[in-house]
$ cat target15.pdb   # PDB, C-alpha atoms and all ligand atoms
ATOM      1  CA  MET A   1       2.437   8.752 -20.157
ATOM      2  CA  ASN A   2       4.048   5.909 -22.007
ATOM      3  CA  ARG A   3       6.284   3.620 -19.954
ATOM      4  CA  LYS A   4       7.952   0.340 -20.745
ATOM      5  CA  PHE A   5       9.651  -2.419 -18.860
ATOM      6  CA  LEU A   6      13.329  -1.879 -18.270
ATOM      7  CA  LEU A   7      15.901  -4.574 -18.716
ATOM      8  CA  ALA A   8      19.043  -4.657 -16.619
ATOM      9  CA  GLY A   9      22.049  -5.282 -18.838
ATOM     10  CA  PHE A  10      20.835  -3.318 -21.821
ATOM     11  CA  ILE A  11      21.299   0.262 -22.829
ATOM     12  CA  ILE A  12      18.018   1.784 -23.809
ATOM     13  CA  LEU A  13      16.809   5.223 -24.655
ATOM     14  CA  GLN A  14      13.258   5.472 -23.525
ATOM     15  CA  PRO A  15      11.001   8.508 -23.539
ATOM     16  CA  LEU A  16       9.405   8.634 -20.089
ATOM     17  CA  THR A  17       7.096  11.565 -20.482
ATOM     18  CA  VAL A  18       5.977  13.552 -23.443
ATOM     19  CA  GLU A  19       4.407  16.641 -22.105
ATOM     20  CA  ALA A  20       4.037  19.962 -23.898
ATOM     21  CA  SER A  21       7.398  20.568 -25.541
ATOM     22  CA  TRP A  22       9.406  18.541 -23.050
ATOM     23  CA  GLN A  23      10.681  15.055 -23.417
ATOM     24  CA  GLU A  24      12.565  13.146 -20.743
ATOM     25  CA  ARG A  25      14.761  10.185 -21.434
ATOM     26  CA  LEU A  26      16.097   7.544 -19.130
ATOM     27  CA  LEU A  27      19.477   6.051 -19.940
ATOM     28  CA  LEU A  28      20.363   2.623 -18.599
ATOM     29  CA  SER A  29      23.807   1.077 -18.743
ATOM     30  CA  PRO A  30      24.645  -2.589 -18.132
ATOM     31  CA  SER A  31      25.507  -1.889 -14.496
ATOM     32  CA  LYS A  32      23.246   0.892 -13.370
ATOM     33  CA  VAL A  33      21.094   3.798 -14.354
ATOM     34  CA  LYS A  34      23.443   6.492 -15.595
ATOM     35  CA  GLY A  35      21.173   9.439 -15.268
ATOM     36  CA  MET A  36      18.245  11.226 -16.736
ATOM     37  CA  GLN A  37      18.349  13.798 -19.472
ATOM     38  CA  SER A  38      15.718  16.296 -20.243
ATOM     39  CA  VAL A  39      15.744  17.721 -23.756
ATOM     40  CA  GLU A  40      13.446  20.229 -25.299
ATOM     41  CA  GLN A  41      11.790  18.861 -28.408
ATOM     42  CA  GLY A  42      13.571  19.978 -31.537
ATOM     43  CA  GLN A  43      16.705  20.696 -29.570
ATOM     44  CA  SER A  44      19.797  18.643 -30.226
ATOM     45  CA  ALA A  45      20.142  15.754 -27.796
ATOM     46  CA  SER A  46      23.839  16.537 -27.547
ATOM     47  CA  SER A  47      23.097  19.528 -25.348
ATOM     48  CA  PRO A  48      20.773  18.071 -22.740
ATOM     49  CA  ASN A  49      19.956  19.617 -19.411
ATOM     50  CA  PRO A  50      20.987  16.985 -16.892
ATOM     51  CA  LEU A  51      18.415  16.555 -14.150
ATOM     52  CA  ASN A  52      20.270  13.995 -12.054
ATOM     53  CA  PRO A  53      17.361  12.961  -9.874
ATOM     54  CA  ARG A  54      18.308  10.762  -6.945
ATOM     55  CA  VAL A  55      15.408   8.373  -7.308
ATOM     56  CA  ILE A  56      13.462   7.278 -10.354
ATOM     57  CA  THR A  57      10.122   5.586  -9.836
ATOM     58  CA  LEU A  58       9.040   2.991 -12.371
ATOM     59  CA  ASP A  59       5.674   1.314 -12.862
ATOM     60  CA  PHE A  60       5.191  -2.385 -13.488
ATOM     61  CA  GLY A  61       2.070  -4.396 -14.147
ATOM     62  CA  ARG A  62       0.824  -7.881 -14.846
ATOM     63  CA  GLU A  63      -2.371  -9.398 -16.115
ATOM     64  CA  ILE A  64      -2.818 -12.828 -14.564
ATOM     65  CA  SER A  65      -5.331 -15.572 -15.168
ATOM     66  CA  THR A  66      -5.778 -17.068 -11.745
ATOM     67  CA  VAL A  67      -6.032 -20.787 -12.044
ATOM     68  CA  SER A  68      -5.839 -22.194  -8.551
ATOM     69  CA  SER A  69      -3.752 -20.374  -5.975
ATOM     70  CA  LEU A  70      -3.486 -16.624  -6.310
ATOM     71  CA  ASP A  71      -0.224 -16.661  -4.337
ATOM     72  CA  VAL A  72       1.420 -19.109  -6.696
ATOM     73  CA  SER A  73       0.114 -17.348  -9.783
ATOM     74  CA  MET A  74       1.494 -14.026  -8.605
ATOM     75  CA  GLU A  75       4.875 -15.517  -7.785
ATOM     76  CA  ASP A  76       5.015 -17.272 -11.173
ATOM     77  CA  GLU A  77       4.354 -13.967 -12.879
ATOM     78  CA  GLY A  78       7.166 -12.213 -11.024
ATOM     79  CA  VAL A  79       5.029  -9.997  -8.810
ATOM     80  CA  PRO A  80       7.387  -8.898  -5.983
ATOM     81  CA  SER A  81       6.625 -10.512  -2.627
ATOM     82  CA  SER A  82       6.147  -7.116  -0.952
ATOM     83  CA  VAL A  83       3.400  -6.329  -3.473
ATOM     84  CA  THR A  84       1.719  -9.700  -2.938
ATOM     85  CA  GLU A  85       1.832  -9.130   0.824
ATOM     86  CA  GLU A  86       0.397  -5.663   0.463
ATOM     87  CA  PHE A  87      -2.383  -7.034  -1.719
ATOM     88  CA  GLU A  88      -3.154  -9.724   0.847
ATOM     89  CA  THR A  89      -3.074  -7.169   3.682
ATOM     90  CA  VAL A  90      -5.603  -5.065   1.832
ATOM     91  CA  LEU A  91      -7.835  -8.090   1.200
ATOM     92  CA  GLU A  92      -7.735  -8.852   4.936
ATOM     93  CA  TRP A  93      -9.151  -5.403   5.588
ATOM     94  CA  LEU A  94     -12.165  -5.955   3.396
ATOM     95  CA  GLN A  95     -15.227  -6.416   5.516
ATOM     96  CA  ASP A  96     -16.553  -9.335   3.563
ATOM     97  CA  PRO A  97     -14.090 -10.914   1.189
ATOM     98  CA  PRO A  98     -15.926  -9.972  -1.986
ATOM     99  CA  LEU A  99     -14.721 -12.874  -4.094
ATOM    100  CA  ASP A 100     -13.643 -16.423  -3.722
ATOM    101  CA  LEU A 101     -10.200 -15.638  -5.079
ATOM    102  CA  SER A 102      -9.637 -19.116  -6.447
ATOM    103  CA  GLU A 103     -12.706 -18.575  -8.614
ATOM    104  CA  SER A 104     -11.501 -15.303 -10.065
ATOM    105  CA  ASP A 105     -10.958 -15.398 -13.780
ATOM    106  CA  ASN A 106      -8.533 -12.554 -14.012
ATOM    107  CA  LEU A 107      -6.274 -10.360 -11.912
ATOM    108  CA  GLN A 108      -4.713  -7.126 -13.058
ATOM    109  CA  ILE A 109      -2.115  -5.738 -10.693
ATOM    110  CA  SER A 110       0.382  -2.910 -10.857
ATOM    111  CA  TRP A 111       3.083  -1.606  -8.571
ATOM    112  CA  LYS A 112       5.753   1.042  -8.250
ATOM    113  CA  LYS A 113       9.427   0.458  -7.806
ATOM    114  CA  ASP A 114      12.130   3.008  -7.022
ATOM    115  CA  ILE A 115      15.588   2.908  -8.520
ATOM    116  CA  ASP A 116      18.044   4.873  -6.399
ATOM    117  CA  LEU A 117      20.825   6.437  -8.438
ATOM    118  CA  ASN A 118      22.996   6.873  -5.353
ATOM    119  CA  ASP A 119      22.914   3.135  -4.735
ATOM    120  CA  ASN A 120      20.982   3.527  -1.504
ATOM    121  CA  GLU A 121      18.709   0.649  -0.616
ATOM    122  CA  PRO A 122      15.383   1.647  -2.196
ATOM    123  CA  PRO A 123      12.109   0.879  -0.432
ATOM    124  CA  GLU A 124      10.228  -2.295  -1.356
ATOM    125  CA  PRO A 125       7.970  -2.094  -4.438
ATOM    126  CA  ARG A 126       4.475  -0.809  -3.576
ATOM    127  CA  LEU A 127       1.044  -1.906  -4.779
ATOM    128  CA  THR A 128      -0.767   0.794  -6.745
ATOM    129  CA  TYR A 129      -3.794  -0.854  -8.387
ATOM    130  CA  ALA A 130      -5.509  -4.217  -8.641
ATOM    131  CA  LYS A 131      -8.607  -5.496 -10.391
ATOM    132  CA  LEU A 132     -10.180  -8.869  -9.695
ATOM    133  CA  SER A 133     -12.772 -10.006 -12.175
ATOM    134  CA  ASN A 134     -15.080 -12.935 -12.504
ATOM    135  CA  GLN A 135     -18.338 -13.426 -14.334
ATOM    136  CA  ASP A 136     -20.408 -11.683 -11.680
ATOM    137  CA  GLN A 137     -18.451  -8.640 -10.674
ATOM    138  CA  ASP A 138     -15.364  -6.475 -10.877
ATOM    139  CA  ILE A 139     -13.539  -5.536  -7.705
ATOM    140  CA  GLU A 140     -10.946  -2.788  -8.003
ATOM    141  CA  LEU A 141      -8.479  -1.507  -5.427
ATOM    142  CA  ILE A 142      -6.549   1.733  -5.654
ATOM    143  CA  VAL A 143      -3.779   2.618  -3.244
ATOM    144  CA  SER A 144      -4.017   6.359  -3.611
ATOM    145  CA  GLU A 145      -0.821   8.318  -3.875
ATOM    146  CA  GLY A 146       0.509  11.233  -1.929
ATOM    147  CA  LYS A 147       0.463  11.877   1.772
ATOM    148  CA  ASN A 148      -2.602   9.822   2.436
ATOM    149  CA  ASN A 149      -2.200   6.380   0.928
ATOM    150  CA  ALA A 150      -5.616   5.155   1.860
ATOM    151  CA  VAL A 151      -7.051   2.236  -0.074
ATOM    152  CA  LEU A 152     -10.154   2.785  -2.190
ATOM    153  CA  LEU A 153     -12.305  -0.232  -2.958
ATOM    154  CA  PHE A 154     -14.723  -0.296  -5.883
ATOM    155  CA  LYS A 155     -17.297  -2.894  -6.814
ATOM    156  CA  ASP A 156     -18.619  -2.561 -10.350
ATOM    157  CA  GLU A 157     -17.332   1.034 -10.400
ATOM    158  CA  MET A 158     -19.077   2.028  -7.161
ATOM    159  CA  LEU A 159     -16.929   3.070  -4.224
ATOM    160  CA  ILE A 160     -17.897   0.679  -1.442
ATOM    161  CA  ASP A 161     -15.068   1.160   1.036
ATOM    162  CA  SER A 162     -12.058   3.314   1.846
ATOM    163  CA  PHE A 163      -9.595   2.737   4.614
ATOM    164  CA  GLN A 164      -6.045   3.297   5.787
ATOM    165  CA  PRO A 165      -4.368   0.198   7.248
ATOM    166  CA  PRO A 166      -1.805   1.056   9.982
ATOM    167  CA  ILE A 167       0.818  -0.973   8.069
ATOM    168  CA  MET A 168       0.621  -1.492   4.332
ATOM    169  CA  ASP A 169       2.353  -4.871   4.086
ATOM    170  CA  ALA A 170       1.876  -6.873   7.230
ATOM    171  CA  GLN A 171       0.663 -10.352   8.022
ATOM    172  CA  LEU A 172      -2.532 -10.524  10.002
ATOM    173  CA  THR A 173      -1.465 -13.058  12.645
ATOM    174  CA  SER A 174      -4.325 -12.699  15.107
ATOM    175  CA  ARG A 175      -7.881 -11.447  14.818
ATOM    176  CA  PHE A 176     -10.178  -9.700  17.288
ATOM    177  CA  GLY A 177     -12.176 -11.753  19.795
ATOM    178  CA  ILE A 178     -11.691 -14.856  21.896
ATOM    179  CA  ARG A 179      -8.443 -16.696  21.235
ATOM    180  CA  ARG A 180      -5.749 -18.664  22.961
ATOM    181  CA  HIS A 181      -3.163 -16.194  24.289
ATOM    182  CA  PRO A 182       0.202 -16.747  22.533
ATOM    183  CA  VAL A 183       2.273 -16.056  25.669
ATOM    184  CA  TYR A 184       0.043 -16.769  28.695
ATOM    185  CA  GLY A 185      -2.016 -19.566  27.162
ATOM    186  CA  GLY A 186      -5.700 -20.069  27.978
ATOM    187  CA  ALA A 187      -8.667 -18.557  26.190
ATOM    188  CA  ARG A 188      -8.695 -14.783  26.417
ATOM    189  CA  ARG A 189     -10.439 -11.988  24.690
ATOM    190  CA  HIS A 190      -8.173 -10.323  22.129
ATOM    191  CA  ASN A 191      -8.997  -6.619  22.119
ATOM    192  CA  GLY A 192      -7.355  -5.825  18.817
ATOM    193  CA  ILE A 193      -5.617  -7.382  15.846
ATOM    194  CA  ASP A 194      -1.962  -8.355  15.486
ATOM    195  CA  LEU A 195      -0.050  -7.369  12.377
ATOM    196  CA  ALA A 196       3.386  -8.953  12.063
ATOM    197  CA  ALA A 197       5.998  -6.924  10.185
ATOM    198  CA  PRO A 198       9.771  -6.475  10.353
ATOM    199  CA  LEU A 199      11.281  -4.319  13.101
ATOM    200  CA  GLY A 200      11.251  -0.673  12.103
ATOM    201  CA  THR A 201       8.319  -0.905   9.659
ATOM    202  CA  PRO A 202       6.499   2.454   9.720
ATOM    203  CA  ILE A 203       3.122   2.572  11.454
ATOM    204  CA  MET A 204       0.549   5.030  10.117
ATOM    205  CA  ALA A 205      -2.458   6.712  11.662
ATOM    206  CA  THR A 206      -5.628   5.053  10.356
ATOM    207  CA  ALA A 207      -7.692   8.263  10.462
ATOM    208  CA  PRO A 208      -7.273  11.977  11.204
ATOM    209  CA  GLY A 209      -7.207  12.987  14.867
ATOM    210  CA  ARG A 210      -5.129  14.226  17.758
ATOM    211  CA  VAL A 211      -2.308  12.485  19.619
ATOM    212  CA  ALA A 212      -3.802  11.700  23.036
ATOM    213  CA  PHE A 213      -1.097   9.502  24.589
ATOM    214  CA  ILE A 214       2.532   8.474  24.013
ATOM    215  CA  GLY A 215       4.123   6.272  26.657
ATOM    216  CA  ARG A 216       4.414   2.863  28.246
ATOM    217  CA  ARG A 217       1.548   0.700  29.386
ATOM    218  CA  SER A 218       2.284  -2.669  30.977
ATOM    219  CA  GLY A 219       1.980  -5.542  28.510
ATOM    220  CA  TYR A 220       1.453  -3.130  25.624
ATOM    221  CA  GLY A 221       4.981  -1.706  25.781
ATOM    222  CA  LEU A 222       5.343   1.627  23.987
ATOM    223  CA  VAL A 223       1.882   2.868  23.046
ATOM    224  CA  ILE A 224       0.501   5.709  20.939
ATOM    225  CA  GLU A 225      -3.167   6.620  21.105
ATOM    226  CA  ILE A 226      -4.987   8.848  18.650
ATOM    227  CA  GLU A 227      -8.267  10.450  19.629
ATOM    228  CA  HIS A 228     -10.506  10.749  16.569
ATOM    229  CA  ASP A 229     -13.452  12.284  18.315
ATOM    230  CA  ALA A 230     -14.493  12.423  21.941
ATOM    231  CA  ASP A 231     -15.604   8.777  21.918
ATOM    232  CA  THR A 232     -13.255   6.986  19.538
ATOM    233  CA  ILE A 233      -9.554   6.225  19.774
ATOM    234  CA  SER A 234      -7.114   4.072  17.849
ATOM    235  CA  ARG A 235      -4.263   2.473  19.814
ATOM    236  CA  TYR A 236      -0.902   1.348  18.402
ATOM    237  CA  THR A 237       1.258  -0.830  20.673
ATOM    238  CA  HIS A 238       4.555  -2.782  21.035
ATOM    239  CA  LEU A 239       6.338   0.063  19.183
ATOM    240  CA  SER A 240      10.131   0.297  19.116
ATOM    241  CA  ARG A 241       9.975   4.084  18.916
ATOM    242  CA  SER A 242       7.599   6.928  18.185
ATOM    243  CA  ALA A 243       8.160   9.259  15.248
ATOM    244  CA  SER A 244      10.652  11.985  16.118
ATOM    245  CA  GLY A 245       8.943  15.181  17.172
ATOM    246  CA  LEU A 246       5.555  13.543  17.679
ATOM    247  CA  ALA A 247       3.943  14.937  20.844
ATOM    248  CA  VAL A 248       0.685  14.684  22.743
ATOM    249  CA  GLY A 249      -1.749  17.242  21.359
ATOM    250  CA  ASP A 250      -0.391  17.130  17.797
ATOM    251  CA  THR A 251      -2.993  17.127  15.054
ATOM    252  CA  ILE A 252      -2.379  14.306  12.603
ATOM    253  CA  ASN A 253      -3.781  13.158   9.298
ATOM    254  CA  SER A 254      -4.657   9.707   8.153
ATOM    255  CA  GLY A 255      -1.472   8.086   6.821
ATOM    256  CA  ASP A 256       0.897  10.145   8.998
ATOM    257  CA  ILE A 257       3.735   8.055  10.406
ATOM    258  CA  LEU A 258       3.410   7.606  14.163
ATOM    259  CA  GLY A 259       6.319   5.289  14.917
ATOM    260  CA  GLU A 260       7.902   1.961  14.114
ATOM    261  CA  VAL A 261       7.095  -1.699  14.685
ATOM    262  CA  GLY A 262       8.880  -3.149  17.711
ATOM    263  CA  THR A 263       8.752  -5.827  20.384
ATOM    264  CA  SER A 264       8.126  -3.708  23.499
ATOM    265  CA  GLY A 265       5.742  -5.169  26.072
ATOM    266  CA  VAL A 266       4.645  -8.817  25.936
ATOM    267  CA  THR A 267       5.137 -10.115  22.386
ATOM    268  CA  THR A 268       6.322 -13.221  20.572
ATOM    269  CA  GLY A 269       8.067 -11.163  17.889
ATOM    270  CA  PRO A 270       7.920  -7.835  16.095
ATOM    271  CA  ASN A 271       4.294  -6.933  15.538
ATOM    272  CA  LEU A 272       1.737  -4.184  15.885
ATOM    273  CA  HIS A 273      -1.171  -4.896  18.222
ATOM    274  CA  TYR A 274      -3.755  -2.420  16.936
ATOM    275  CA  GLU A 275      -7.005  -1.509  18.678
ATOM    276  CA  THR A 276      -9.983   0.702  18.051
ATOM    277  CA  ARG A 277     -12.106   1.690  21.058
ATOM    278  CA  VAL A 278     -15.437   3.473  21.345
ATOM    279  CA  ASN A 279     -16.077   4.831  24.856
ATOM    280  CA  ASP A 280     -13.169   2.585  25.878
ATOM    281  CA  ARG A 281     -15.048  -0.465  24.582
ATOM    282  CA  PRO A 282     -12.841  -2.391  22.133
ATOM    283  CA  VAL A 283     -14.442  -2.967  18.734
ATOM    284  CA  ASP A 284     -13.181  -5.128  15.865
ATOM    285  CA  PRO A 285     -10.727  -2.962  13.899
ATOM    286  CA  LEU A 286     -11.489  -4.861  10.694
ATOM    287  CA  THR A 287     -15.241  -4.248  10.811
ATOM    288  CA  GLU A 288     -16.889  -1.767  13.195
ATOM    289  CA  GLY A 289     -13.667   0.119  13.970
ATOM    290  CA  LYS A 290     -12.855   0.529  10.300
ATOM    291  CA  ARG A 291     -16.384   1.682   9.481
ATOM    292  CA  ILE A 292     -16.264   4.360  12.173
ATOM    293  CA  LEU A 293     -12.803   5.639  11.277
ATOM    294  CA  SER A 294     -12.936   5.470   7.489
ATOM    295  CA  GLY A 295     -15.965   7.738   7.389
ATOM    296  CA  THR A 296     -13.506  10.612   7.683
ATOM    297  CA  ILE A 297     -11.351   9.615   4.712
ATOM    298  CA  TYR A 298     -11.955  10.687   1.139
ATOM    299  CA  GLN A 299     -15.417  12.072   1.530
ATOM    300  CA  GLN A 300     -14.780  14.905  -0.890
ATOM    301  CA  GLN A 301     -13.033  12.965  -3.652
ATOM    302  CA  ASN A 302     -14.359  12.505  -7.108
ATOM    303  CA  TYR A 303     -14.169   8.721  -7.050
ATOM    304  CA  GLN A 304     -15.084   8.033 -10.626
ATOM    305  CA  GLU A 305     -12.263  10.184 -11.914
ATOM    306  CA  VAL A 306      -9.753   8.526  -9.592
ATOM    307  CA  LEU A 307     -10.878   5.116 -10.845
ATOM    308  CA  TYR A 308     -10.633   6.019 -14.531
ATOM    309  CA  GLU A 309      -7.189   7.518 -14.017
ATOM    310  CA  ALA A 310      -6.010   4.349 -12.302
ATOM    311  CA  ARG A 311      -7.343   2.191 -15.150
ATOM    312  CA  GLU A 312      -5.731   4.381 -17.758
ATOM    313  CA  ARG A 313      -2.414   4.221 -15.940
ATOM    314  CA  PHE A 314      -2.641   0.439 -15.769
ATOM    315  CA  GLN A 315      -3.340   0.185 -19.496
ATOM    316  CA  SER A 316      -0.374   2.387 -20.304
ATOM    317  CA  ILE A 317       1.855   0.199 -18.137
ATOM    318  CA  ILE A 318       0.637  -3.134 -19.443
ATOM    319  CA  GLY A 319       0.031  -1.986 -23.002
ATOM    320  CA  THR A 320       3.713  -1.842 -23.797
ATOM    321  CA  SER A 321       4.506  -5.305 -22.502
ATOM    322  CA  THR A 322       3.802  -7.224 -25.673
ATOM    323  CA  ASP A 323       6.517  -9.815 -25.365
ATOM    324  CA  PRO A 324       5.968 -12.041 -22.304
ATOM    325  CA  SER A 325       9.590 -13.201 -22.278
ATOM    326  CA  LEU A 326      10.759  -9.594 -22.001
ATOM    327  CA  ALA A 327       8.243  -8.893 -19.281
ATOM    328  CA  ALA A 328       9.544 -11.862 -17.330
ATOM    329  CA  LEU A 329      13.101 -10.563 -17.613
ATOM    330  CA  SER A 330      12.255  -7.086 -16.497
ATOM    331  CA  GLU A 331      13.223  -7.605 -12.870
TER     332      GLU A 331
HETATM  333 ZN    ZN B 401      -2.602  -8.513  20.071
END

$ encode --input "target15.pdb" --output "structure tokens"
Amino acid sequence: MNRKFLLAGFIILQPLTVEASWQERLLLSPSKVKGMQSVEQGQSASSPNPLNPRVITLDFGREISTVSSLDVSMEDEGVPSSVTEEFETVLEWLQDPPLDLSESDNLQISWKKDIDLNDNEPPEPRLTYAKLSNQDQDIELIVSEGKNNAVLLFKDEMLIDSFQPPIMDAQLTSRFGIRRHPVYGGARRHNGIDLAAPLGTPIMATAPGRVAFIGRRSGYGLVIEIEHDADTISRYTHLSRSASGLAVGDTINSGDILGEVGTSGVTTGPNLHYETRVNDRPVDPLTEGKRILSGTIYQQQNYQEVLYEARERFQSIIGTSTDPSLAALSE
């Protein structure tokens, strides 16, 4: 797969895939993407088979030398803010931050962006891969594709963690444990974590299980609980609504959408208060809770292959961006 950066305002003819005898081309006009043609190799391009897909997904990537602040470096390089947030969300979920980020020598990061040919508002760009390197170690993250978009974390090519955050790009506004309550004041135990995200942001199941409860609980507002085994549940609260058709007893997979971020119950703004409980005892979702739940994700995968594929994809994305001024113009 050979992909290049696309420039708004130019007409380009760019082979997107070269596979067997098929070649697809993307045509861009100054105002918008005109459409996609698929032509059989050797056939005249004047008789293309129009495919007219509604959405085209493009890959982007950057290689960044982190000097001081990772945030600033990513913004300078034109990494979309949704991708930066997703990256930071994922880092929050790492048990022990594996690197002092300011000391990292190099960051490779790639993301996907949809272009909607029907002019619908496309979703925000999504993180797909990141590699943080310094002299001691390489940390690599893969947001796996498909139904289950769990995050795989590698350290020097070894899989050391896999997990599914309930929201992919949220701000961790409150951790587990003793804290000052934002509404009632006073020191109280916080039984979960708070993830701030815009109203309507989809909330995903963090592990496979069964829907055990959908309804209101005082303070929590609209709540969904997933039973993962007899002892362990995950609890999602303050929702604005549950996913249509979702019912108690349903079997769900990790990454399935349960509902949307809201402000129901006692909140200071739209956020997900997320809990994991073992025998009804709350445990820290970022450490013990994650360890218990993520054991069920990706046990059967061939990790090495997934990692090499992700690296190859990154190289093919970045390899074509030889002119930094063009890369900077690409969005
Ligand atoms: Zn909370």

$ residues_around --input "target15.pdb" --residues "range 275-282 of chain A" --least-positions-apart "5" --cutoff "9 Å" --atoms "all atoms listed in the file" --output "count of residues only"
16

$ residues_near_ligand --input "target15.pdb" --ligand "ligand ZN 401 (chain B)" --cutoff "12 Å" --atoms "all atoms listed in the file" --output "ChimeraX atom specification"
/A:172-183,188-196,219-221,235-238,263,265-276,284-285

$ atom_distance --input "target15.pdb" --atom1 "CA of Ala243 in chain A" --atom2 "CA of Glu121 in chain A"
20.9 Å

$ resolve_selection --input "target15.pdb" --expression "the PyMOL selection byres (((chain A and resi 88) around 12) and not hetatm)" --output "ChimeraX atom specification"
/A:70-71,74,81-87,89-94,97,101,127,130,141,165,168-172

$ closest_residue --input "target15.pdb" --among "A:Ile317, A:Ile160, A:Leu246, A:Ala187" --to "Phe213 in chain A" --atoms "all atoms listed in the file"
A:Leu246

$ resolve_selection --input "target15.pdb" --expression "the PyMOL selection byres (((chain A and resi 153-157) around 8) and not hetatm)" --output "ChimeraX atom specification"
/A:137-142,151-152,158-162,304,307

$ closest_residue --input "target15.pdb" --among "A:Leu286, A:Val248, A:Ile115, A:Val306" --to "Thr57 in chain A" --atoms "only C-alpha atoms"
A:Ile115

$ resolve_selection --input "target15.pdb" --expression "the PyMOL selection byres (((chain A and resi 318) around 8) and not hetatm)" --output "PDB file with C-alpha atoms, in the frame of the given file"
ATOM      1  CA  PHE A  60       5.191  -2.385 -13.488  1.00  0.00           C
ATOM      2  CA  GLY A  61       2.070  -4.396 -14.147  1.00  0.00           C
ATOM      3  CA  ARG A  62       0.824  -7.881 -14.846  1.00  0.00           C
ATOM      4  CA  GLU A  63      -2.371  -9.398 -16.115  1.00  0.00           C
ATOM      5  CA  PHE A 314      -2.641   0.439 -15.769  1.00  0.00           C
ATOM      6  CA  GLN A 315      -3.340   0.185 -19.496  1.00  0.00           C
ATOM      7  CA  SER A 316      -0.374   2.387 -20.304  1.00  0.00           C
ATOM      8  CA  ILE A 317       1.855   0.199 -18.137  1.00  0.00           C
ATOM      9  CA  GLY A 319       0.031  -1.986 -23.002  1.00  0.00           C
ATOM     10  CA  THR A 320       3.713  -1.842 -23.797  1.00  0.00           C
ATOM     11  CA  SER A 321       4.506  -5.305 -22.502  1.00  0.00           C
TER      12      SER A 321
END

$ atom_distance --input "target15.pdb" --atom1 "CA of Asp76 in chain A" --atom2 "CA of Asp105 in chain A"
16.3 Å

$ closest_residue --input "target15.pdb" --among "A:Thr128, A:Val143, A:Ile56, A:Ser69" --to "Asp114 in chain A" --atoms "only C-alpha atoms"
A:Ile56

$ closest_residue --input "target15.pdb" --among "A:Trp111, A:Val261, A:Arg241, A:Asp250" --to "Gly209 in chain A" --atoms "all atoms listed in the file"
A:Asp250

$ atom_distance --input "target15.pdb" --atom1 "CA of Tyr303 in chain A" --atom2 "CA of Ile167 in chain A"
23.4 Å

$ axis_aligned_box --input "target15.pdb" --around "range 280-297 of chain A" --padding-each-side "3 Å" --output "JSON"
{"center_x": -13.8, "center_y": 2.7, "center_z": 15.3, "size_x": 12.2, "size_y": 21.7, "size_z": 27.2}

$ build_atoms --input "target15.pdb" --residues "range 56-65 of chain A" --atoms "N, CA, C and O atoms" --output "tab-separated table (two decimals), in the coordinates of the input"
chain	number	residue	atom	x	y	z
A	56	ILE	N	14.41	7.37	-9.26
A	56	ILE	CA	13.46	7.28	-10.35
A	56	ILE	C	12.44	6.22	-9.98
A	56	ILE	O	12.79	5.14	-9.51
A	57	THR	N	11.18	6.54	-10.16
A	57	THR	CA	10.12	5.59	-9.84
A	57	THR	C	9.56	5.00	-11.13
A	57	THR	O	9.22	5.74	-12.05
A	58	LEU	N	9.53	3.69	-11.18
A	58	LEU	CA	9.04	2.99	-12.37
A	58	LEU	C	7.77	2.22	-12.04
A	58	LEU	O	7.59	1.77	-10.91
A	59	ASP	N	6.91	2.07	-13.03
A	59	ASP	CA	5.67	1.31	-12.86
A	59	ASP	C	5.78	-0.04	-13.56
A	59	ASP	O	6.35	-0.13	-14.64
A	60	PHE	N	5.24	-1.04	-12.91
A	60	PHE	CA	5.19	-2.38	-13.49
A	60	PHE	C	3.77	-2.91	-13.38
A	60	PHE	O	3.01	-2.48	-12.49
A	61	GLY	N	3.41	-3.83	-14.24
A	61	GLY	CA	2.07	-4.40	-14.15
A	61	GLY	C	2.02	-5.79	-14.74
A	61	GLY	O	2.88	-6.17	-15.55
A	62	ARG	N	1.05	-6.54	-14.30
A	62	ARG	CA	0.82	-7.88	-14.85
A	62	ARG	C	-0.68	-8.12	-14.99
A	62	ARG	O	-1.47	-7.62	-14.19
A	63	GLU	N	-1.00	-8.92	-15.99
A	63	GLU	CA	-2.37	-9.40	-16.11
A	63	GLU	C	-2.29	-10.91	-15.95
A	63	GLU	O	-1.56	-11.58	-16.69
A	64	ILE	N	-3.00	-11.43	-14.95
A	64	ILE	CA	-2.82	-12.83	-14.56
A	64	ILE	C	-4.15	-13.55	-14.59
A	64	ILE	O	-5.14	-13.08	-14.04
A	65	SER	N	-4.16	-14.70	-15.26
A	65	SER	CA	-5.33	-15.57	-15.17
A	65	SER	C	-5.12	-16.45	-13.95
A	65	SER	O	-4.18	-17.23	-13.91
